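> Dumping the structure here so I can ask a few things about it.
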Amino acid sequence: MICRPALSRGSQLALRRQGAAKLAQRGFAAVASPKASYEPTTIAGVKVASRDDNGPTTRLAVVAKAGTRYEPLPGLTVGLEEYAFKSTQKRSALRITREAELLGGQLNAYHTREALVIQANFLREDLPYFAELLAEVVSQTRYTTHEYHEEVEHVIHAKQAKLDAAAVALDAAHAVAFHTGLGEPVYPTPSTPISSYLNENSVATFAEVAYTKANIAVVADGASETGLAKWIEPFFKSVPAQSESSSLSTSASKYYGGEQRIARTSGNSLVIAFPGAALGANQPEIAVLVGLLGGESTIKWSPGFSLLSTATAAAPGATAKATNLAYSDAGLLAIQISGAAAAVRKAAEKSVKALQAVADGGVSKENLVKAIAKAKFNLLSGSEVSGTGLVHAGANMIHGGKPLQVAETVKALEGVNADKLKAAAKTLLEGKASVAAVGDLHVLPFAEDIGLKV
């Protein structure tokens, strides 16, 4: 066999072309593979979604309808999050930590505006232990006074202190867009008087309402449905079917739009938001528009093709990105710009002009192809790299929907054309925007200054 270094450059290129030709003949079956989508079922009254690639590791999560949208009092969601993996009726927090480390597992808890996620990542053969542990967290956590004052309260204050201008601006944009519900901040600011509402007793009461079979879904990536059924049925049987005392507030979201300005001495951020696509909504043009707007280059040493990267190139010191924030009954397409105040202002002006150019039909065929490819990559890589697919699958199920069907969604993205993008951008600009400015308000623009209606 001839070693590759002995070949000339031309011969190496020829071998690469042969390999590429063979790959093209095989085709790309991964997109249509059923393993890309989570399969829903119900086990012992618990909503379950799973997919299995027969890999060596598993991600298992309980997704609860306990995000900030559903908290009756400020701070309850973060309090419930911080109590995860503390002492239960069976184990102390120290024992949980030691056992998880002995098995090489990873434990995590986090929340979104709609969901609280309690997650464990571990070796595949340890499914029984971690399934039992997550069930314990949901049904047998001891909301002790000493853990609240010694651990939970201090962690919450530390995280509040780390909130930057970008986080505050995104929360403000949600507030003017939706007012209550989705408009609640994802994390309470230091000025929020959470001490008036938050303690171990109020968290325990919220847990009784949120941790019921009606309000949770178990999602597994890397476990078979048969394996899950074997362990979920005995371990989750102690989870109540529903709360006997009260229920969650589930009023429908309504989009308002508007403007909010917050003075801040450290950092500058501007969020320009419009109604976006909800979870499960048939609006592929929104995902492609996000891919076209982009902002963050994926190619080293290159600003990228996206419209926002072009906008920030003309405003050194500013960064921008576009995201569709999808929720169960609403969505928010947000353009987030951060940096020096003057650079943020200039980037905002350029960003709106770029969106207006799309509304006027100024999308080249090449950029459309790139945007569709970017949207497909964002979709397919989301669950593999960032785990967003796992959260979205659970969020869909606790709100009465079904997990995203990847093959169908990819096909819909491929059907987006320039006319659909033009119509989507035009609709956004003709409606009311939600604009939030945080930082040096003497420099940061008003919505009217950059041509937006609020």
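As shown in the structure tokens, the chain order sets the letters A, B, ...; within each chain, residues go from 1, and ligands are also counted from 1 in the order they appear.
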Env of Val239 of chain A: 7 Å cut, atoms = only C-alpha atoms, seq-sep filter 4 positions within chain, self excluded. Answer as a short mmCIF file (atom, residue, chain, number, x, y, z; two decimals) with C-alpha atoms, in the first residue's frame.


```cif
data_model
loop_
_atom_site.label_atom_id
_atom_site.label_comp_id
_atom_site.auth_asym_id
_atom_site.auth_seq_id
_atom_site.Cartn_x
_atom_site.Cartn_y
_atom_site.Cartn_z
CA SER A 139 -41.38 13.90 43.91
CA THR A 212 -47.28 16.57 38.39
CA LYS A 213 -47.72 14.07 35.59
#
```

> Go through segment 130-232 of chain A and flag each residue having an atom no more than 10 Å from segment 54-58 of chain A; for those, report the closest pair of atoms plus their distance in Å to one decimal, using only C-alpha atoms, ordered by chain and rising number, as a Markdown table.


```
| residue | atom | partner | partner_atom | distance |
| --- | --- | --- | --- | --- |
| A:Ala220 | CA | A:Thr58 | CA | 7.1 |
| A:Asp221 | CA | A:Thr58 | CA | 5.7 |
| A:Gly222 | CA | A:Thr58 | CA | 4.4 |
| A:Ala223 | CA | A:Thr58 | CA | 6.3 |
| A:Ser224 | CA | A:Asn54 | CA | 8.4 |
```

> I want to know what sits within 9 Å of Leu127 of chain A, based on only C-alpha atoms, with residues of the same chain fewer than 5 positions away left out; could you give that as a list in words?

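Once the adjacent positions are removed, what remains is Thr58, Leu60, Phe122, Glu132, Ala223, Gly227, Leu228 and Trp231 of chain A.
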
> Restricted to N, CA and C atoms, what would the selected residues look like written as a PDB file, in the first residue's frame?


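And here is the file that came out, result.pdb:
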```
ATOM      1  N   THR A  58     -26.054   8.615  27.407  1.00  0.00           N
ATOM      2  CA  THR A  58     -27.479   8.957  27.395  1.00  0.00           C
ATOM      3  C   THR A  58     -27.680  10.312  28.045  1.00  0.00           C
ATOM      4  N   LEU A  60     -30.825  12.284  29.801  1.00  0.00           N
ATOM      5  CA  LEU A  60     -32.184  12.089  30.316  1.00  0.00           C
ATOM      6  C   LEU A  60     -32.615  13.354  31.033  1.00  0.00           C
ATOM      7  N   PHE A 122     -25.047  10.620  31.270  1.00  0.00           N
ATOM      8  CA  PHE A 122     -24.378   9.502  31.922  1.00  0.00           C
ATOM      9  C   PHE A 122     -24.092   8.381  30.931  1.00  0.00           C
ATOM     10  N   GLU A 132     -34.139   6.870  38.492  1.00  0.00           N
ATOM     11  CA  GLU A 132     -34.630   6.925  39.868  1.00  0.00           C
ATOM     12  C   GLU A 132     -34.289   8.268  40.508  1.00  0.00           C
ATOM     13  N   ALA A 223     -31.552   6.398  24.616  1.00  0.00           N
ATOM     14  CA  ALA A 223     -32.182   5.316  25.372  1.00  0.00           C
ATOM     15  C   ALA A 223     -33.366   4.793  24.573  1.00  0.00           C
ATOM     16  N   GLY A 227     -36.320   0.305  27.280  1.00  0.00           N
ATOM     17  CA  GLY A 227     -35.546   0.551  28.489  1.00  0.00           C
ATOM     18  C   GLY A 227     -36.171   1.594  29.379  1.00  0.00           C
ATOM     19  N   LEU A 228     -36.728   2.648  28.780  1.00  0.00           N
ATOM     20  CA  LEU A 228     -37.378   3.688  29.562  1.00  0.00           C
ATOM     21  C   LEU A 228     -38.618   3.157  30.264  1.00  0.00           C
ATOM     22  N   TRP A 231     -38.076   1.388  33.606  1.00  0.00           N
ATOM     23  CA  TRP A 231     -37.667   2.113  34.799  1.00  0.00           C
ATOM     24  C   TRP A 231     -38.568   3.300  35.133  1.00  0.00           C
TER      25      TRP A 231
END
```

> Find the residues of segment 191-263 of chain A that sit at most 7 Å from segment 419-438 of chain A; for each, write down the nearest two atoms and how far apart they are in Å, to one decimal. Count only C-alpha atoms. Sort by chain, then by number going up, and give it as JSON lines.


```
{"residue": "A:Gly257", "atom": "CA", "partner": "A:Ser434", "partner_atom": "CA", "distance": 4.5}
{"residue": "A:Gly258", "atom": "CA", "partner": "A:Ser434", "partner_atom": "CA", "distance": 4.8}
{"residue": "A:Glu259", "atom": "CA", "partner": "A:Val435", "partner_atom": "CA", "distance": 4.7}
{"residue": "A:Gln260", "atom": "CA", "partner": "A:Ala436", "partner_atom": "CA", "distance": 4.8}
{"residue": "A:Arg261", "atom": "CA", "partner": "A:Ala437", "partner_atom": "CA", "distance": 4.8}
{"residue": "A:Ile262", "atom": "CA", "partner": "A:Val438", "partner_atom": "CA", "distance": 4.8}
{"residue": "A:Ala263", "atom": "CA", "partner": "A:Val438", "partner_atom": "CA", "distance": 5.8}
```

> How about saving the chosen residues, all heavy atoms kept, as a PDB file, in the first residue's frame?


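Dumped to selection_36.pdb:
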```
ATOM      1  N   GLY A 257     -46.015  44.804  21.376  1.00  0.00           N
ATOM      2  CA  GLY A 257     -45.026  45.675  20.772  1.00  0.00           C
ATOM      3  C   GLY A 257     -44.868  46.950  21.574  1.00  0.00           C
ATOM      4  O   GLY A 257     -45.738  47.328  22.367  1.00  0.00           O
ATOM      5  N   GLY A 258     -43.760  47.633  21.396  1.00  0.00           N
ATOM      6  CA  GLY A 258     -43.522  48.860  22.127  1.00  0.00           C
ATOM      7  C   GLY A 258     -42.036  49.122  22.292  1.00  0.00           C
ATOM      8  O   GLY A 258     -41.197  48.515  21.617  1.00  0.00           O
ATOM      9  N   GLU A 259     -41.706  50.018  23.202  1.00  0.00           N
ATOM     10  CA  GLU A 259     -40.313  50.420  23.381  1.00  0.00           C
ATOM     11  C   GLU A 259     -40.009  50.629  24.852  1.00  0.00           C
ATOM     12  O   GLU A 259     -40.841  51.137  25.602  1.00  0.00           O
ATOM     13  CB  GLU A 259     -40.033  51.698  22.598  1.00  0.00           C
ATOM     14  CG  GLU A 259     -38.584  52.161  22.635  1.00  0.00           C
ATOM     15  CD  GLU A 259     -38.329  53.322  21.686  1.00  0.00           C
ATOM     16  OE1 GLU A 259     -39.302  53.987  21.275  1.00  0.00           O
ATOM     17  OE2 GLU A 259     -37.151  53.559  21.346  1.00  0.00           O
ATOM     18  N   GLN A 260     -38.823  50.219  25.268  1.00  0.00           N
ATOM     19  CA  GLN A 260     -38.375  50.442  26.640  1.00  0.00           C
ATOM     20  C   GLN A 260     -36.904  50.828  26.628  1.00  0.00           C
ATOM     21  O   GLN A 260     -36.106  50.250  25.885  1.00  0.00           O
ATOM     22  CB  GLN A 260     -38.575  49.193  27.496  1.00  0.00           C
ATOM     23  CG  GLN A 260     -38.261  49.415  28.970  1.00  0.00           C
ATOM     24  CD  GLN A 260     -38.682  48.236  29.833  1.00  0.00           C
ATOM     25  OE1 GLN A 260     -39.213  47.260  29.347  1.00  0.00           O
ATOM     26  NE2 GLN A 260     -38.439  48.331  31.129  1.00  0.00           N
ATOM     27  N   ARG A 261     -36.544  51.810  27.475  1.00  0.00           N
ATOM     28  CA  ARG A 261     -35.177  52.308  27.534  1.00  0.00           C
ATOM     29  C   ARG A 261     -34.712  52.301  28.985  1.00  0.00           C
ATOM     30  O   ARG A 261     -35.399  52.826  29.871  1.00  0.00           O
ATOM     31  CB  ARG A 261     -35.088  53.714  26.940  1.00  0.00           C
ATOM     32  CG  ARG A 261     -35.450  53.748  25.460  1.00  0.00           C
ATOM     33  CD  ARG A 261     -35.608  55.171  24.929  1.00  0.00           C
ATOM     34  NE  ARG A 261     -34.364  55.926  24.954  1.00  0.00           N
ATOM     35  CZ  ARG A 261     -33.412  55.828  24.032  1.00  0.00           C
ATOM     36  NH1 ARG A 261     -33.552  54.979  23.015  1.00  0.00           N
ATOM     37  NH2 ARG A 261     -32.323  56.570  24.105  1.00  0.00           N
ATOM     38  N   ILE A 262     -33.558  51.696  29.228  1.00  0.00           N
ATOM     39  CA  ILE A 262     -33.030  51.541  30.584  1.00  0.00           C
ATOM     40  C   ILE A 262     -31.600  52.059  30.622  1.00  0.00           C
ATOM     41  O   ILE A 262     -30.730  51.558  29.902  1.00  0.00           O
ATOM     42  CB  ILE A 262     -33.055  50.061  31.022  1.00  0.00           C
ATOM     43  CG1 ILE A 262     -34.486  49.501  30.936  1.00  0.00           C
ATOM     44  CG2 ILE A 262     -32.490  49.901  32.422  1.00  0.00           C
ATOM     45  CD1 ILE A 262     -34.563  48.003  31.153  1.00  0.00           C
ATOM     46  N   ALA A 263     -31.362  53.054  31.446  1.00  0.00           N
ATOM     47  CA  ALA A 263     -30.008  53.601  31.583  1.00  0.00           C
ATOM     48  C   ALA A 263     -29.144  52.628  32.380  1.00  0.00           C
ATOM     49  O   ALA A 263     -29.588  52.055  33.378  1.00  0.00           O
ATOM     50  CB  ALA A 263     -30.055  54.965  32.270  1.00  0.00           C
TER      51      ALA A 263
END
```

> Here is a test: counting only C-alpha atoms, which residue of A:Gly294, A:Gly362, A:Gly451, A:Gly280 is nearest to His399 of chain A?

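Answer, going by the shortest atom-to-atom distance: A:Gly280.
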
> Need to verify the contact set: segment 390-394 of chain A, 10 Å, only C-alpha atoms, exclusion of same-chain residues closer than 2 positions in sequence. Can you return it as JSON, numbers by chain?

{"A": [37, 38, 39, 40, 47, 48, 49, 50, 51, 59, 60, 61, 62, 63, 64, 65, 111, 112, 115, 116, 117, 119, 216, 217, 218, 219, 220, 221, 279, 280, 326, 327, 328, 382, 383, 384, 386, 387, 388, 396, 397, 398, 399, 401, 402, 403, 404, 405]}

> Dump as a Markdown table the rows for residues of segment 209-315 of chain A within 12 Å of segment 329-341 of chain A: closest atom pair and distance in Å with one decimal, only C-alpha atoms counted, ordered by chain and rising residue number.


```
| residue | atom | partner | partner_atom | distance |
| --- | --- | --- | --- | --- |
| A:Thr250 | CA | A:Asp329 | CA | 10.8 |
| A:Ser251 | CA | A:Asp329 | CA | 10.3 |
| A:Ala252 | CA | A:Asp329 | CA | 7.1 |
| A:Ser253 | CA | A:Asp329 | CA | 6.5 |
| A:Lys254 | CA | A:Ala330 | CA | 7.9 |
| A:Tyr255 | CA | A:Ala330 | CA | 8.1 |
| A:Tyr256 | CA | A:Leu332 | CA | 11.6 |
| A:Gly257 | CA | A:Leu332 | CA | 10.7 |
| A:Ala263 | CA | A:Ala341 | CA | 11.8 |
| A:Arg264 | CA | A:Ala341 | CA | 11.2 |
| A:Thr265 | CA | A:Ala341 | CA | 11.1 |
| A:Ser266 | CA | A:Ala340 | CA | 10.2 |
| A:Gly267 | CA | A:Gly339 | CA | 7.0 |
| A:Asn268 | CA | A:Gly339 | CA | 5.7 |
| A:Ser269 | CA | A:Ser338 | CA | 4.4 |
| A:Leu270 | CA | A:Ile337 | CA | 5.2 |
| A:Val271 | CA | A:Gln336 | CA | 4.6 |
| A:Ile272 | CA | A:Ile335 | CA | 5.1 |
| A:Ala273 | CA | A:Ala334 | CA | 4.2 |
| A:Phe274 | CA | A:Leu333 | CA | 5.2 |
| A:Pro275 | CA | A:Leu332 | CA | 4.8 |
| A:Gly276 | CA | A:Gly331 | CA | 4.1 |
| A:Ala277 | CA | A:Gly331 | CA | 4.6 |
| A:Ala278 | CA | A:Gly331 | CA | 4.4 |
| A:Leu279 | CA | A:Asp329 | CA | 7.1 |
| A:Gly280 | CA | A:Asp329 | CA | 9.2 |
| A:Ala281 | CA | A:Asp329 | CA | 8.8 |
| A:Gln283 | CA | A:Gly331 | CA | 10.7 |
| A:Glu285 | CA | A:Leu333 | CA | 11.7 |
| A:Ile286 | CA | A:Leu333 | CA | 8.0 |
| A:Ala287 | CA | A:Leu333 | CA | 9.3 |
| A:Val288 | CA | A:Leu333 | CA | 11.6 |
| A:Leu289 | CA | A:Leu333 | CA | 9.4 |
| A:Val290 | CA | A:Leu333 | CA | 7.8 |
| A:Gly291 | CA | A:Leu333 | CA | 11.5 |
| A:Leu293 | CA | A:Ile335 | CA | 8.6 |
| A:Gly294 | CA | A:Ile335 | CA | 9.1 |
| A:Gly295 | CA | A:Ile335 | CA | 8.9 |
| A:Glu296 | CA | A:Gln336 | CA | 11.1 |
| A:Leu307 | CA | A:Ile335 | CA | 11.4 |
| A:Leu308 | CA | A:Ile335 | CA | 8.8 |
| A:Ser309 | CA | A:Ile337 | CA | 11.1 |
| A:Ala311 | CA | A:Ile337 | CA | 10.5 |
| A:Thr312 | CA | A:Ile337 | CA | 8.9 |
| A:Ala315 | CA | A:Ala340 | CA | 9.5 |
```

> Quick one: of A:Ala348, A:Asp449, A:Phe305, A:Leu325, who's nearest to Ser364 of chain A, counting only C-alpha atoms?

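Result for the nearest residue to Ser364 of chain A: A:Phe305.
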
> Using only C-alpha atoms, tabulate the residues of segment 151-188 of chain A lying at most 12 Å from any atom of segment 67-73 of chain A, each with its closest atom pair and that distance in Å to one decimal, by chain and increasing residue number, as a tab-separated table.


```
residue	atom	partner	partner_atom	distance
A:Asp171	CA	A:Thr68	CA	11.4
A:His174	CA	A:Arg69	CA	11.1
A:Ala175	CA	A:Arg69	CA	11.3
A:Phe178	CA	A:Arg69	CA	10.5
A:His179	CA	A:Arg69	CA	10.7
A:Thr180	CA	A:Arg69	CA	7.7
A:Gly181	CA	A:Arg69	CA	4.3
A:Leu182	CA	A:Arg69	CA	5.1
A:Gly183	CA	A:Arg69	CA	7.5
A:Glu184	CA	A:Arg69	CA	6.2
A:Pro185	CA	A:Thr68	CA	7.1
A:Val186	CA	A:Thr68	CA	6.0
A:Tyr187	CA	A:Thr68	CA	8.0
A:Pro188	CA	A:Thr68	CA	9.5
```

> To one decimal place, how far is atom CA of Pro240 of chain A from atom CA of Gly75 of chain A in Å?

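So the answer is 23.9 Å.
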
> Got a sec to tell me which of segment 140-296 of chain A DSSP assigns to alpha helix (DSSP H), as a ChimeraX atom specification?

/A:140,145-147,153-161,165-178,200-210,225-235,284-293

> Got time to write the residues from that selection, C-alpha atoms, as a PDB file, in the first residue's frame?


```pdb
ATOM      1  CA  GLN A 140     -39.245  13.700  47.056  1.00  0.00           C
ATOM      2  CA  THR A 145     -34.781  26.005  55.522  1.00  0.00           C
ATOM      3  CA  HIS A 146     -31.043  25.592  56.048  1.00  0.00           C
ATOM      4  CA  GLU A 147     -30.402  24.713  52.380  1.00  0.00           C
ATOM      5  CA  GLU A 153     -30.418  32.186  48.350  1.00  0.00           C
ATOM      6  CA  HIS A 154     -26.706  32.957  47.908  1.00  0.00           C
ATOM      7  CA  VAL A 155     -26.552  31.342  44.455  1.00  0.00           C
ATOM      8  CA  ILE A 156     -29.543  33.352  43.262  1.00  0.00           C
ATOM      9  CA  HIS A 157     -27.980  36.639  44.418  1.00  0.00           C
ATOM     10  CA  ALA A 158     -24.676  35.724  42.757  1.00  0.00           C
ATOM     11  CA  LYS A 159     -26.407  35.024  39.440  1.00  0.00           C
ATOM     12  CA  GLN A 160     -28.396  38.238  39.669  1.00  0.00           C
ATOM     13  CA  ALA A 161     -25.151  40.190  39.984  1.00  0.00           C
ATOM     14  CA  ALA A 165     -26.775  44.564  29.467  1.00  0.00           C
ATOM     15  CA  ALA A 166     -27.644  42.020  26.762  1.00  0.00           C
ATOM     16  CA  ALA A 167     -29.689  39.876  29.171  1.00  0.00           C
ATOM     17  CA  VAL A 168     -31.505  42.917  30.567  1.00  0.00           C
ATOM     18  CA  ALA A 169     -32.295  44.184  27.051  1.00  0.00           C
ATOM     19  CA  LEU A 170     -33.690  40.820  25.930  1.00  0.00           C
ATOM     20  CA  ASP A 171     -35.914  40.652  29.013  1.00  0.00           C
ATOM     21  CA  ALA A 172     -37.083  44.221  28.374  1.00  0.00           C
ATOM     22  CA  ALA A 173     -37.938  43.356  24.764  1.00  0.00           C
ATOM     23  CA  HIS A 174     -40.052  40.434  25.983  1.00  0.00           C
ATOM     24  CA  ALA A 175     -41.764  42.709  28.493  1.00  0.00           C
ATOM     25  CA  VAL A 176     -42.900  45.213  25.872  1.00  0.00           C
ATOM     26  CA  ALA A 177     -43.763  42.410  23.435  1.00  0.00           C
ATOM     27  CA  PHE A 178     -45.911  40.261  25.751  1.00  0.00           C
ATOM     28  CA  GLU A 200     -38.481  27.530  51.094  1.00  0.00           C
ATOM     29  CA  ASN A 201     -42.240  27.306  51.727  1.00  0.00           C
ATOM     30  CA  SER A 202     -43.299  29.221  48.597  1.00  0.00           C
ATOM     31  CA  VAL A 203     -40.915  27.120  46.495  1.00  0.00           C
ATOM     32  CA  ALA A 204     -42.358  23.905  47.955  1.00  0.00           C
ATOM     33  CA  THR A 205     -45.891  25.078  47.172  1.00  0.00           C
ATOM     34  CA  PHE A 206     -44.907  25.881  43.577  1.00  0.00           C
ATOM     35  CA  ALA A 207     -43.267  22.452  43.264  1.00  0.00           C
ATOM     36  CA  GLU A 208     -46.513  20.738  44.300  1.00  0.00           C
ATOM     37  CA  VAL A 209     -48.302  22.414  41.400  1.00  0.00           C
ATOM     38  CA  ALA A 210     -45.547  22.103  38.770  1.00  0.00           C
ATOM     39  CA  GLU A 225     -38.416   3.133  24.602  1.00  0.00           C
ATOM     40  CA  THR A 226     -38.295  -0.392  26.057  1.00  0.00           C
ATOM     41  CA  GLY A 227     -35.546   0.551  28.489  1.00  0.00           C
ATOM     42  CA  LEU A 228     -37.378   3.688  29.562  1.00  0.00           C
ATOM     43  CA  ALA A 229     -40.640   1.831  30.130  1.00  0.00           C
ATOM     44  CA  LYS A 230     -38.859  -0.612  32.440  1.00  0.00           C
ATOM     45  CA  TRP A 231     -37.667   2.113  34.799  1.00  0.00           C
ATOM     46  CA  ILE A 232     -40.039   5.068  34.435  1.00  0.00           C
ATOM     47  CA  GLU A 233     -43.096   3.073  35.479  1.00  0.00           C
ATOM     48  CA  PRO A 234     -41.780   2.054  38.952  1.00  0.00           C
ATOM     49  CA  PHE A 235     -39.810   5.208  39.713  1.00  0.00           C
ATOM     50  CA  PRO A 284     -40.089  27.859   7.600  1.00  0.00           C
ATOM     51  CA  GLU A 285     -39.471  31.284   6.077  1.00  0.00           C
ATOM     52  CA  ILE A 286     -38.774  32.655   9.575  1.00  0.00           C
ATOM     53  CA  ALA A 287     -35.983  30.108  10.134  1.00  0.00           C
ATOM     54  CA  VAL A 288     -34.485  30.934   6.724  1.00  0.00           C
ATOM     55  CA  LEU A 289     -34.764  34.669   7.424  1.00  0.00           C
ATOM     56  CA  VAL A 290     -32.848  34.122  10.676  1.00  0.00           C
ATOM     57  CA  GLY A 291     -30.206  32.233   8.698  1.00  0.00           C
ATOM     58  CA  LEU A 292     -30.002  35.102   6.211  1.00  0.00           C
ATOM     59  CA  LEU A 293     -29.715  37.754   8.927  1.00  0.00           C
TER      60      LEU A 293
END
```

> Figure out the distance between atom CA of Gly389 of chain A and atom CA of Ala120 of chain A, please, to one decimal in Å.

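Separation of atom CA of Ala120 of chain A and atom CA of Gly389 of chain A: 15.3 Å.
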
> Atom CA of Leu452 of chain A and atom CA of Val352 of chain A, how far apart in Å?

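Rounded to one decimal, the two atoms are 8.0 Å apart.
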
> Please return, as a VMD selection string, all residues of segment 231-419 of chain A that DSSP assigns to strand (DSSP E or B) on the basis of the backbone.

chain A and resid 258 to 263 269 to 275 318 to 326 331 to 339

> Would you export the selected residues with C-alpha atoms as a PDB file, in the first residue's frame, please?


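What ended up in out-v4.pdb:
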```
ATOM      1  CA  GLY A 258     -43.522  48.860  22.127  1.00  0.00           C
ATOM      2  CA  GLU A 259     -40.313  50.420  23.381  1.00  0.00           C
ATOM      3  CA  GLN A 260     -38.375  50.442  26.640  1.00  0.00           C
ATOM      4  CA  ARG A 261     -35.177  52.308  27.534  1.00  0.00           C
ATOM      5  CA  ILE A 262     -33.030  51.541  30.584  1.00  0.00           C
ATOM      6  CA  ALA A 263     -30.008  53.601  31.583  1.00  0.00           C
ATOM      7  CA  SER A 269     -27.263  46.567  24.138  1.00  0.00           C
ATOM      8  CA  LEU A 270     -30.159  47.047  21.752  1.00  0.00           C
ATOM      9  CA  VAL A 271     -32.784  44.432  20.922  1.00  0.00           C
ATOM     10  CA  ILE A 272     -35.029  44.801  17.879  1.00  0.00           C
ATOM     11  CA  ALA A 273     -37.761  42.170  17.938  1.00  0.00           C
ATOM     12  CA  PHE A 274     -40.802  41.179  15.873  1.00  0.00           C
ATOM     13  CA  PRO A 275     -43.435  38.434  16.098  1.00  0.00           C
ATOM     14  CA  ALA A 318     -20.460  46.037  17.645  1.00  0.00           C
ATOM     15  CA  THR A 319     -21.684  42.440  17.500  1.00  0.00           C
ATOM     16  CA  ALA A 320     -25.091  41.335  16.275  1.00  0.00           C
ATOM     17  CA  LYS A 321     -27.048  38.125  15.925  1.00  0.00           C
ATOM     18  CA  ALA A 322     -30.547  37.107  14.901  1.00  0.00           C
ATOM     19  CA  THR A 323     -32.539  34.414  16.703  1.00  0.00           C
ATOM     20  CA  ASN A 324     -36.072  33.074  16.564  1.00  0.00           C
ATOM     21  CA  LEU A 325     -37.142  32.506  20.159  1.00  0.00           C
ATOM     22  CA  ALA A 326     -39.914  29.907  19.861  1.00  0.00           C
ATOM     23  CA  GLY A 331     -42.446  33.457  18.902  1.00  0.00           C
ATOM     24  CA  LEU A 332     -40.079  36.412  18.886  1.00  0.00           C
ATOM     25  CA  LEU A 333     -37.590  37.082  16.100  1.00  0.00           C
ATOM     26  CA  ALA A 334     -34.919  39.090  17.882  1.00  0.00           C
ATOM     27  CA  ILE A 335     -31.905  40.989  16.571  1.00  0.00           C
ATOM     28  CA  GLN A 336     -29.502  41.503  19.474  1.00  0.00           C
ATOM     29  CA  ILE A 337     -26.766  44.140  19.120  1.00  0.00           C
ATOM     30  CA  SER A 338     -24.075  44.817  21.737  1.00  0.00           C
ATOM     31  CA  GLY A 339     -20.916  46.916  21.963  1.00  0.00           C
TER      32      GLY A 339
END
```
